[in-house]
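Report on the structure given below.
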Amino acid sequence: MSSRREFVKGSALAATACLLPASAQKKNRIALTPDASPAVEEDHGWYNRPMRWAQLAFVEDDPGNYDQQFWLDYFRRVRADAACLSAGGVVAFYPTQLPLQQRSAWLGDRDAFGDLAAGCRKLGMNIVARTDSHACWQKVYDAHPDWIRVDASGQRVKHPSDPRYWETCALGPYNFEFMTTVHEEIMRMYRPDAIFTNRWAGSGMCYCEHCRENFHAATGLDLPRAGNPQNPARKQYILWRQQRLIELWRLWNGKIRAINPGASYIANAGGGALSDLDMKTISELSPTMVADRQSRRGLMAPWANGKNGKEYRSTMGNKAVAGMFNVGIDDEHRWKDSVQNGDEIRMWVADGMAQGLRPWFIKFNAKPIDRRWLPVVEEIFQWHYANQKYFRNVRPIARIGLVYSQQSAWFYGGEEARQKIEEPALGFYQALVEGRIPFEMVNDRCFDAEHLAPFRTLILPNIAALSEAQCASLRDFVARGGGLVATYETSLFDEWGVRRDNFGLAELFGAQSAGKTRENMLNSYLNLERDPATNSYHPLLRGFEDAGRIINAANQADVTPVGEDRFAPLRIVPSYPDLPMESVFVRPGGAQRPGVYLRQVAEGRVVYFPGDIDRTFWQVLSTDHGKLLRNAVVWATNEPAPVLVEGKGVIDVAVWEQNDSMTLHLVNLTNPMMLKGPVREILPISRQKIWLRIPSGRRVGRVHLLVARRDVAYRTEGDAIQLEVPNIELHEVVAVDFAA
Ligand SMILES: [Zn+2]
């Protein structure tokens, strides 16, 4: 077991700690000293080479029962240049000598992993060995009962799906000792380029003796039983668990690299605001990452794949990020061996590729039953291969950054993080897609001038928990001429989720907290006001000036203006009875406070909505709210856009620059199944008029369409080109080759 001192030394959340004032560091015992040594040197090694990934996840009866040559032929045909193949952990698919690692009962004297890996190597593919550490066999339980996960009632936990297995503790010796020997054995026998572990971070809270002792040694507290992040033990646990996992990551990485210095450990980790390991820290640890967003389920837009890509790229920068997609139906009913329809796979993967993900397909079970997905992936991968130089992106061209904040999710959102933190972001995301505005995601730990340099405007969708230092960075950003659009309780809490007396950004907003927050308001509206100075409507109201009034948000921070009450284009009509019908009329009087605060700060523009218009938009999808959010971004940005796309339909737009070219991706998401259910068919959209700005210092050589496979006529207009795309099936890429 690691001692307290080792634990402190291995601190991974050092950068979070740096954001803390000294008083908060005292309050929060896990706010530790920086550890400057990177686990992985800054060499990109082989990691930037693979453009297309194949993952074949064995099931136990695959050895001897599946057709290896079929897969090797398929990998060659789809031009996959890297493979992730099941090696060990739960079941070993190679002749392991470790007595506690169970060989597949079908393995016999075969080496299923080794043989397939050798075949892939002959094709020139990089090899990543896949392990899984979340479950173990009875013999492991018998030898080390303390390696098993223990639930809150003190019971060791049987695997919920297959009762032959037990769930393992992720933060104790099962991972730190046993899985380390598994990884070392695989590295020694096969020298793969990396090891990737599925479900390495556990299956929920563990109350085993190791977790109890280690947590107490680190914090002086007992493991939390409450979910509320303001509970001191829960707050410490959120940080402590991360530190244990980062410590594990560093351990495995070190052991792997001691055997093959060109290899590394790749954790299945990360994502957006709702992910539980700090994205900035893990991006610094990892030379490449895999976005594990396998497919749609429930209410989910197809742009969710691209969103995940942007979240990884916000901290990974130009390091390669692969986008894992499952060819099956990924649902709570867990049809792991199923096959999704082809157009659904096409749309999901197209959006990921457009937003910078390198496609990585996953197939569970090497004995395919339903083969309909095979030609679909083949077609996608072959097109990607034919155009791969246009996927070697150097930088995205986007002037808008949509901020996400893990600390807001952990410490302010807590168990309601999805509703309070993710939904406002989803609403803004949808509004920007509908508004055809290219944008990037921005991690709130990356507010330094270098990370923010590409952006003209930052959007803060209820980014509630912000430190003083983060608020200062945002003030600097606006002082440098940046725009800011913020909603609801943004900056009303510190980085630990503790409520402030006033917004950290009150000065920028021109609004101060009046103390309360109104939740679940009924029947409240926003009146549209003409500017008395010009007798006209503000550009914020463009597209619905004739409305008179529109619906308000459902939740609203109670705020009053700082200084004199200036003109506001929207005024709040407070709630009035919604029943009986006779009672539904606007009462005279009542405070008509601003529904939006607009400020010009030197060259920068700030828009603050006291209501959660973004979250309400996600829930209700009112067209007025969508336009309002888009207009707010356009007004705050106050410069010509890098691209304008005019025409019908819902299109996810992305613009990229490569070494000798630029690309404009247009992904047609127009579909009745856009938010729920697999798309039944792709519905083409008609003519799109495009105005695309060419980066300064570049001259246009050739403009062509990568899907239609033909050149396209264009007109030069100042520093932009104008062209038309007559129709788009699912995805079109306008490629502009620069003249030498
Ligand atoms: Zn444990």
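Chain labels follow the order of the structure tokens: the first chain is A, the next B, and so on; residue numbering restarts at 1 in every chain, and ligands are counted from 1 in their shown order.
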Can you list every residue of region 116-226 of chain A that has an atom at most 8 Å from region 256-264 of chain A, with its nearest atom pair and the distance in Å to one decimal, using only C-alpha atoms, ordered by chain then number, as CSV?
```
residue,atom,partner,partner_atom,distance
A:His183,CA,A:Ile256,CA,7.1
A:Glu184,CA,A:Ile256,CA,6.5
A:Met187,CA,A:Ile256,CA,6.5
A:Arg188,CA,A:Ile259,CA,6.6
A:Arg191,CA,A:Asn260,CA,6.3
A:Pro192,CA,A:Ala263,CA,7.1
A:Asp193,CA,A:Ala263,CA,4.6
A:Ala194,CA,A:Ser264,CA,4.9
A:Ile195,CA,A:Ser264,CA,6.7
```
Residue selection dump (N, CA and C atoms) as a PDB file, in the first residue's frame:
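The result, stored in out-v5.pdb:
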```
ATOM      1  N   HIS A 183       0.199  -6.849 -17.394  1.00  0.00           N
ATOM      2  CA  HIS A 183       0.703  -5.924 -18.414  1.00  0.00           C
ATOM      3  C   HIS A 183       2.182  -6.188 -18.715  1.00  0.00           C
ATOM      4  N   GLU A 184       2.936  -6.504 -17.675  1.00  0.00           N
ATOM      5  CA  GLU A 184       4.364  -6.794 -17.906  1.00  0.00           C
ATOM      6  C   GLU A 184       4.535  -8.067 -18.736  1.00  0.00           C
ATOM      7  N   MET A 187       3.698  -7.318 -22.345  1.00  0.00           N
ATOM      8  CA  MET A 187       4.754  -6.510 -22.964  1.00  0.00           C
ATOM      9  C   MET A 187       5.981  -7.359 -23.274  1.00  0.00           C
ATOM     10  N   ARG A 188       6.364  -8.220 -22.305  1.00  0.00           N
ATOM     11  CA  ARG A 188       7.564  -9.046 -22.518  1.00  0.00           C
ATOM     12  C   ARG A 188       7.353 -10.033 -23.662  1.00  0.00           C
ATOM     13  N   ARG A 191       5.681  -7.252 -26.996  1.00  0.00           N
ATOM     14  CA  ARG A 191       6.106  -5.872 -27.251  1.00  0.00           C
ATOM     15  C   ARG A 191       5.101  -5.074 -28.095  1.00  0.00           C
ATOM     16  N   PRO A 192       3.836  -5.033 -27.702  1.00  0.00           N
ATOM     17  CA  PRO A 192       2.883  -4.205 -28.460  1.00  0.00           C
ATOM     18  C   PRO A 192       3.232  -2.726 -28.333  1.00  0.00           C
ATOM     19  N   ASP A 193       2.581  -1.905 -29.154  1.00  0.00           N
ATOM     20  CA  ASP A 193       2.854  -0.462 -29.144  1.00  0.00           C
ATOM     21  C   ASP A 193       2.181   0.241 -27.972  1.00  0.00           C
ATOM     22  N   ALA A 194       1.204  -0.412 -27.382  1.00  0.00           N
ATOM     23  CA  ALA A 194       0.527   0.182 -26.223  1.00  0.00           C
ATOM     24  C   ALA A 194      -0.350  -0.883 -25.591  1.00  0.00           C
ATOM     25  N   ILE A 195      -0.763  -0.599 -24.366  1.00  0.00           N
ATOM     26  CA  ILE A 195      -1.803  -1.415 -23.731  1.00  0.00           C
ATOM     27  C   ILE A 195      -2.970  -0.497 -23.417  1.00  0.00           C
TER      28      ILE A 195
END
```
At a cut-off of 6 Å around ligand 1, and using only C-alpha atoms and all ligand atoms, what residues come up? Please write them as a PyMOL selection string. chain A and resi 149+169+171-172+206-208+210-211
Please identify which residues in region 41-243 of chain A DSSP calls alpha helix (DSSP H) from the backbone, and express them as number ranges by chain. A: 68-77, 112-122, 138-143, 173, 180-190, 209-219, 232-243
Picked from region 53-266 of chain A by DSSP as strand (DSSP E), as a compact mmCIF listing (two decimals) with N, CA, C and O atoms, in the first residue's frame:
```txt
# COMPACT_ATOMS: atom_id res chain seq x y z
N TRP A 53 -8.61 2.77 -37.30
CA TRP A 53 -8.39 1.72 -36.31
C TRP A 53 -9.43 0.61 -36.43
O TRP A 53 -10.60 0.87 -36.70
N ALA A 54 -8.95 -0.62 -36.16
CA ALA A 54 -9.85 -1.77 -36.10
C ALA A 54 -9.74 -2.37 -34.70
O ALA A 54 -8.63 -2.57 -34.21
N GLN A 55 -10.85 -2.59 -34.06
CA GLN A 55 -10.82 -3.30 -32.78
C GLN A 55 -11.66 -4.55 -32.86
O GLN A 55 -12.86 -4.50 -33.18
N LEU A 56 -11.02 -5.67 -32.57
CA LEU A 56 -11.74 -6.94 -32.49
C LEU A 56 -11.65 -7.40 -31.04
O LEU A 56 -10.56 -7.68 -30.54
N ALA A 57 -12.79 -7.37 -30.36
CA ALA A 57 -12.82 -7.78 -28.95
C ALA A 57 -13.27 -9.23 -28.90
O ALA A 57 -14.42 -9.54 -29.19
N ALA A 82 -4.03 0.40 -37.69
CA ALA A 82 -3.73 0.00 -36.31
C ALA A 82 -4.86 -0.90 -35.83
O ALA A 82 -5.99 -0.79 -36.30
N ALA A 83 -4.51 -1.79 -34.90
CA ALA A 83 -5.50 -2.72 -34.36
C ALA A 83 -5.42 -2.76 -32.85
O ALA A 83 -4.34 -2.68 -32.28
N CYS A 84 -6.59 -2.84 -32.22
CA CYS A 84 -6.67 -3.06 -30.78
C CYS A 84 -7.25 -4.46 -30.60
O CYS A 84 -8.37 -4.73 -31.05
N LEU A 85 -6.49 -5.36 -29.99
CA LEU A 85 -6.85 -6.77 -29.94
C LEU A 85 -6.86 -7.27 -28.51
O LEU A 85 -5.97 -6.95 -27.72
N SER A 86 -7.85 -8.09 -28.18
CA SER A 86 -7.99 -8.59 -26.80
C SER A 86 -6.81 -9.50 -26.45
O SER A 86 -6.55 -10.48 -27.15
N ALA A 87 -6.16 -9.17 -25.35
CA ALA A 87 -5.04 -9.99 -24.89
C ALA A 87 -5.37 -10.67 -23.56
O ALA A 87 -5.37 -11.90 -23.48
N GLY A 88 -5.67 -9.89 -22.53
CA GLY A 88 -5.85 -10.54 -21.24
C GLY A 88 -6.62 -9.72 -20.23
O GLY A 88 -7.33 -8.79 -20.57
N ASN A 126 0.00 -0.97 -36.45
CA ASN A 126 0.39 -0.86 -35.05
C ASN A 126 -0.54 -1.73 -34.22
O ASN A 126 -1.71 -1.89 -34.55
N ILE A 127 0.00 -2.27 -33.12
CA ILE A 127 -0.77 -3.19 -32.29
C ILE A 127 -0.94 -2.63 -30.88
O ILE A 127 0.04 -2.28 -30.22
N VAL A 128 -2.18 -2.55 -30.45
CA VAL A 128 -2.48 -2.20 -29.07
C VAL A 128 -3.15 -3.42 -28.43
O VAL A 128 -4.12 -3.95 -28.96
N ALA A 129 -2.57 -3.86 -27.31
CA ALA A 129 -3.15 -5.01 -26.60
C ALA A 129 -4.22 -4.51 -25.66
O ALA A 129 -4.01 -3.59 -24.88
N ARG A 130 -5.39 -5.15 -25.75
CA ARG A 130 -6.50 -4.74 -24.90
C ARG A 130 -6.57 -5.64 -23.68
O ARG A 130 -6.51 -6.87 -23.80
N THR A 131 -6.69 -5.03 -22.52
CA THR A 131 -6.96 -5.80 -21.30
C THR A 131 -8.25 -5.27 -20.67
O THR A 131 -8.75 -4.20 -21.04
N ASP A 132 -8.76 -6.04 -19.72
CA ASP A 132 -9.95 -5.60 -18.99
C ASP A 132 -9.73 -6.00 -17.54
O ASP A 132 -9.36 -7.14 -17.25
N ALA A 135 -13.32 -7.41 -13.77
CA ALA A 135 -13.94 -8.64 -13.24
C ALA A 135 -12.88 -9.71 -13.05
O ALA A 135 -11.85 -9.71 -13.75
N CYS A 136 -13.11 -10.63 -12.10
CA CYS A 136 -12.16 -11.72 -11.89
C CYS A 136 -12.91 -13.00 -11.53
O CYS A 136 -14.10 -12.98 -11.20
N TRP A 166 -16.48 -12.04 -10.16
CA TRP A 166 -16.61 -11.03 -9.12
C TRP A 166 -16.14 -9.69 -9.67
O TRP A 166 -15.26 -9.65 -10.54
N GLU A 167 -16.70 -8.62 -9.13
CA GLU A 167 -16.19 -7.29 -9.50
C GLU A 167 -14.93 -7.00 -8.69
O GLU A 167 -14.85 -7.35 -7.51
N ALA A 194 1.20 -0.41 -27.38
CA ALA A 194 0.53 0.18 -26.22
C ALA A 194 -0.35 -0.88 -25.59
O ALA A 194 -0.63 -1.93 -26.20
N ILE A 195 -0.76 -0.60 -24.37
CA ILE A 195 -1.80 -1.41 -23.73
C ILE A 195 -2.97 -0.50 -23.42
O ILE A 195 -2.78 0.63 -22.93
N PHE A 196 -4.14 -0.97 -23.75
CA PHE A 196 -5.38 -0.22 -23.53
C PHE A 196 -6.25 -1.06 -22.60
O PHE A 196 -6.42 -2.26 -22.84
N THR A 197 -6.78 -0.45 -21.55
CA THR A 197 -7.59 -1.22 -20.61
C THR A 197 -9.02 -0.73 -20.59
O THR A 197 -9.28 0.46 -20.40
N ASN A 198 -9.91 -1.68 -20.78
CA ASN A 198 -11.33 -1.40 -20.68
C ASN A 198 -11.74 -1.45 -19.20
O ASN A 198 -11.25 -2.28 -18.45
N SER A 264 3.27 2.83 -24.59
CA SER A 264 2.73 3.53 -23.42
C SER A 264 1.40 2.90 -23.02
O SER A 264 0.87 2.04 -23.72
N TYR A 265 0.93 3.35 -21.89
CA TYR A 265 -0.38 2.91 -21.42
C TYR A 265 -1.43 3.88 -21.94
O TYR A 265 -1.26 5.10 -21.85
N ILE A 266 -2.50 3.36 -22.49
CA ILE A 266 -3.62 4.20 -22.94
C ILE A 266 -4.84 3.80 -22.13
O ILE A 266 -5.30 2.66 -22.21
```
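Contact shell of region 518-522 of chain A at 10 Å (only C-alpha atoms; same-chain neighbours under 5 positions omitted): Asn552, Ala553, Ala554, Asn555, Gln556, Ala557, Asp558, Pro574, Ser575, Tyr576, Pro577, Asp578, Gly611 and Asp612 of chain A.
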Take the residues just selected and output them with N, CA and C atoms as a PDB file, in the first residue's frame.
```
ATOM      1  N   ASN A 552     -40.056  32.827 -21.506  1.00  0.00           N
ATOM      2  CA  ASN A 552     -38.843  32.984 -20.695  1.00  0.00           C
ATOM      3  C   ASN A 552     -38.224  31.611 -20.466  1.00  0.00           C
ATOM      4  N   ALA A 553     -37.082  31.619 -19.790  1.00  0.00           N
ATOM      5  CA  ALA A 553     -36.449  30.376 -19.352  1.00  0.00           C
ATOM      6  C   ALA A 553     -37.256  29.783 -18.201  1.00  0.00           C
ATOM      7  N   ALA A 554     -36.928  28.553 -17.822  1.00  0.00           N
ATOM      8  CA  ALA A 554     -37.632  27.897 -16.715  1.00  0.00           C
ATOM      9  C   ALA A 554     -37.008  28.226 -15.365  1.00  0.00           C
ATOM     10  N   ASN A 555     -35.718  28.525 -15.364  1.00  0.00           N
ATOM     11  CA  ASN A 555     -35.023  28.863 -14.127  1.00  0.00           C
ATOM     12  C   ASN A 555     -34.308  30.192 -14.319  1.00  0.00           C
ATOM     13  N   GLN A 556     -34.211  30.933 -13.228  1.00  0.00           N
ATOM     14  CA  GLN A 556     -33.672  32.275 -13.377  1.00  0.00           C
ATOM     15  C   GLN A 556     -32.967  32.722 -12.100  1.00  0.00           C
ATOM     16  N   ALA A 557     -31.752  33.257 -12.267  1.00  0.00           N
ATOM     17  CA  ALA A 557     -31.059  33.868 -11.135  1.00  0.00           C
ATOM     18  C   ALA A 557     -31.677  35.243 -10.909  1.00  0.00           C
ATOM     19  N   ASP A 558     -31.910  35.559  -9.651  1.00  0.00           N
ATOM     20  CA  ASP A 558     -32.478  36.863  -9.314  1.00  0.00           C
ATOM     21  C   ASP A 558     -31.344  37.877  -9.297  1.00  0.00           C
ATOM     22  N   PRO A 574     -42.850  38.642 -15.022  1.00  0.00           N
ATOM     23  CA  PRO A 574     -42.808  37.601 -13.988  1.00  0.00           C
ATOM     24  C   PRO A 574     -43.971  36.621 -14.147  1.00  0.00           C
ATOM     25  N   SER A 575     -43.820  35.455 -13.534  1.00  0.00           N
ATOM     26  CA  SER A 575     -44.857  34.417 -13.571  1.00  0.00           C
ATOM     27  C   SER A 575     -46.204  34.988 -13.169  1.00  0.00           C
ATOM     28  N   TYR A 576     -47.270  34.550 -13.837  1.00  0.00           N
ATOM     29  CA  TYR A 576     -48.620  34.827 -13.361  1.00  0.00           C
ATOM     30  C   TYR A 576     -49.428  33.545 -13.494  1.00  0.00           C
ATOM     31  N   PRO A 577     -50.591  33.471 -12.844  1.00  0.00           N
ATOM     32  CA  PRO A 577     -51.283  32.180 -12.780  1.00  0.00           C
ATOM     33  C   PRO A 577     -51.508  31.574 -14.164  1.00  0.00           C
ATOM     34  N   ASP A 578     -51.388  30.260 -14.242  1.00  0.00           N
ATOM     35  CA  ASP A 578     -51.642  29.553 -15.494  1.00  0.00           C
ATOM     36  C   ASP A 578     -52.988  28.834 -15.454  1.00  0.00           C
ATOM     37  N   GLY A 611     -31.566  34.052 -17.012  1.00  0.00           N
ATOM     38  CA  GLY A 611     -32.308  32.791 -17.142  1.00  0.00           C
ATOM     39  C   GLY A 611     -31.436  31.710 -17.767  1.00  0.00           C
ATOM     40  N   ASP A 612     -31.837  30.448 -17.561  1.00  0.00           N
ATOM     41  CA  ASP A 612     -31.092  29.356 -18.212  1.00  0.00           C
ATOM     42  C   ASP A 612     -31.734  29.081 -19.580  1.00  0.00           C
TER      43      ASP A 612
END
```
Residues within 12 Å of Met673 (chain A), please, as an MDAnalysis selection string. Count only C-alpha atoms; anything in the same chain fewer than 5 positions from it doesn't count. chainID A and resid 296:302 343:344 347 678:683
Next, write the just-selected residues to a file, as a short mmCIF file (atom, residue, chain, number, x, y, z; two decimals), in the first residue's frame, keeping N, CA and C atoms as the atom set.
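And here is the file that came out, result_10.cif:
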```
data_model
loop_
_atom_site.label_atom_id
_atom_site.label_comp_id
_atom_site.auth_asym_id
_atom_site.auth_seq_id
_atom_site.Cartn_x
_atom_site.Cartn_y
_atom_site.Cartn_z
N ARG A 296 -25.32 6.26 -30.55
CA ARG A 296 -26.40 7.02 -29.92
C ARG A 296 -27.31 6.10 -29.12
N ARG A 297 -27.91 6.67 -28.13
CA ARG A 297 -28.98 5.97 -27.40
C ARG A 297 -29.90 7.03 -26.79
N GLY A 298 -31.12 6.65 -26.50
CA GLY A 298 -32.04 7.59 -25.87
C GLY A 298 -32.17 8.86 -26.71
N LEU A 299 -32.30 9.99 -26.01
CA LEU A 299 -32.36 11.28 -26.70
C LEU A 299 -30.93 11.77 -26.88
N MET A 300 -30.41 11.61 -28.07
CA MET A 300 -29.03 12.04 -28.31
C MET A 300 -28.91 12.46 -29.77
N ALA A 301 -28.32 13.63 -29.97
CA ALA A 301 -28.16 14.12 -31.33
C ALA A 301 -26.95 13.46 -31.98
N PRO A 302 -26.95 13.35 -33.31
CA PRO A 302 -25.78 12.77 -33.96
C PRO A 302 -24.51 13.60 -33.79
N ASP A 343 -27.10 3.42 -42.25
CA ASP A 343 -27.14 4.88 -42.31
C ASP A 343 -26.90 5.51 -40.95
N GLU A 344 -27.32 4.83 -39.89
CA GLU A 344 -27.04 5.33 -38.55
C GLU A 344 -25.52 5.32 -38.29
N MET A 347 -23.92 8.21 -40.33
CA MET A 347 -24.10 9.57 -39.81
C MET A 347 -23.25 9.80 -38.58
N PRO A 678 -32.44 5.25 -34.36
CA PRO A 678 -31.55 5.19 -35.51
C PRO A 678 -32.19 5.80 -36.74
N VAL A 679 -31.40 6.53 -37.53
CA VAL A 679 -31.96 7.13 -38.74
C VAL A 679 -32.41 6.00 -39.68
N ARG A 680 -33.56 6.19 -40.31
CA ARG A 680 -34.09 5.17 -41.21
C ARG A 680 -33.42 5.23 -42.57
N GLU A 681 -33.15 6.45 -43.00
CA GLU A 681 -32.47 6.67 -44.28
C GLU A 681 -31.89 8.06 -44.24
N ILE A 682 -30.88 8.27 -45.06
CA ILE A 682 -30.29 9.61 -45.19
C ILE A 682 -31.18 10.41 -46.12
N LEU A 683 -31.53 11.64 -45.72
CA LEU A 683 -32.37 12.49 -46.55
C LEU A 683 -31.52 13.63 -47.09
#
```
Please provide the set of residues having any atom within 7 Å of Pro726 (chain A), restricted to only C-alpha atoms, with same-chain residues fewer than 4 positions apart removed, written as a PyMOL selection string. chain A and resi 686-688
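The shell of residues at most 8 Å from Asp222 (chain A), with only C-alpha atoms counted and near chain neighbours (fewer than 5 positions) removed, consists of Arg212, Phe215, His216 and Ala233 of chain A.
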For those residues, write C-alpha atoms to a file as a PDB file, in the first residue's frame.
```pdb
ATOM      1  CA  ARG A 212     -10.947   2.594   3.581  1.00  0.00           C
ATOM      2  CA  PHE A 215      -8.585   7.177   1.970  1.00  0.00           C
ATOM      3  CA  HIS A 216      -8.273   7.651   5.718  1.00  0.00           C
ATOM      4  CA  ALA A 233     -15.671  13.402   2.642  1.00  0.00           C
TER       5      ALA A 233
END
```
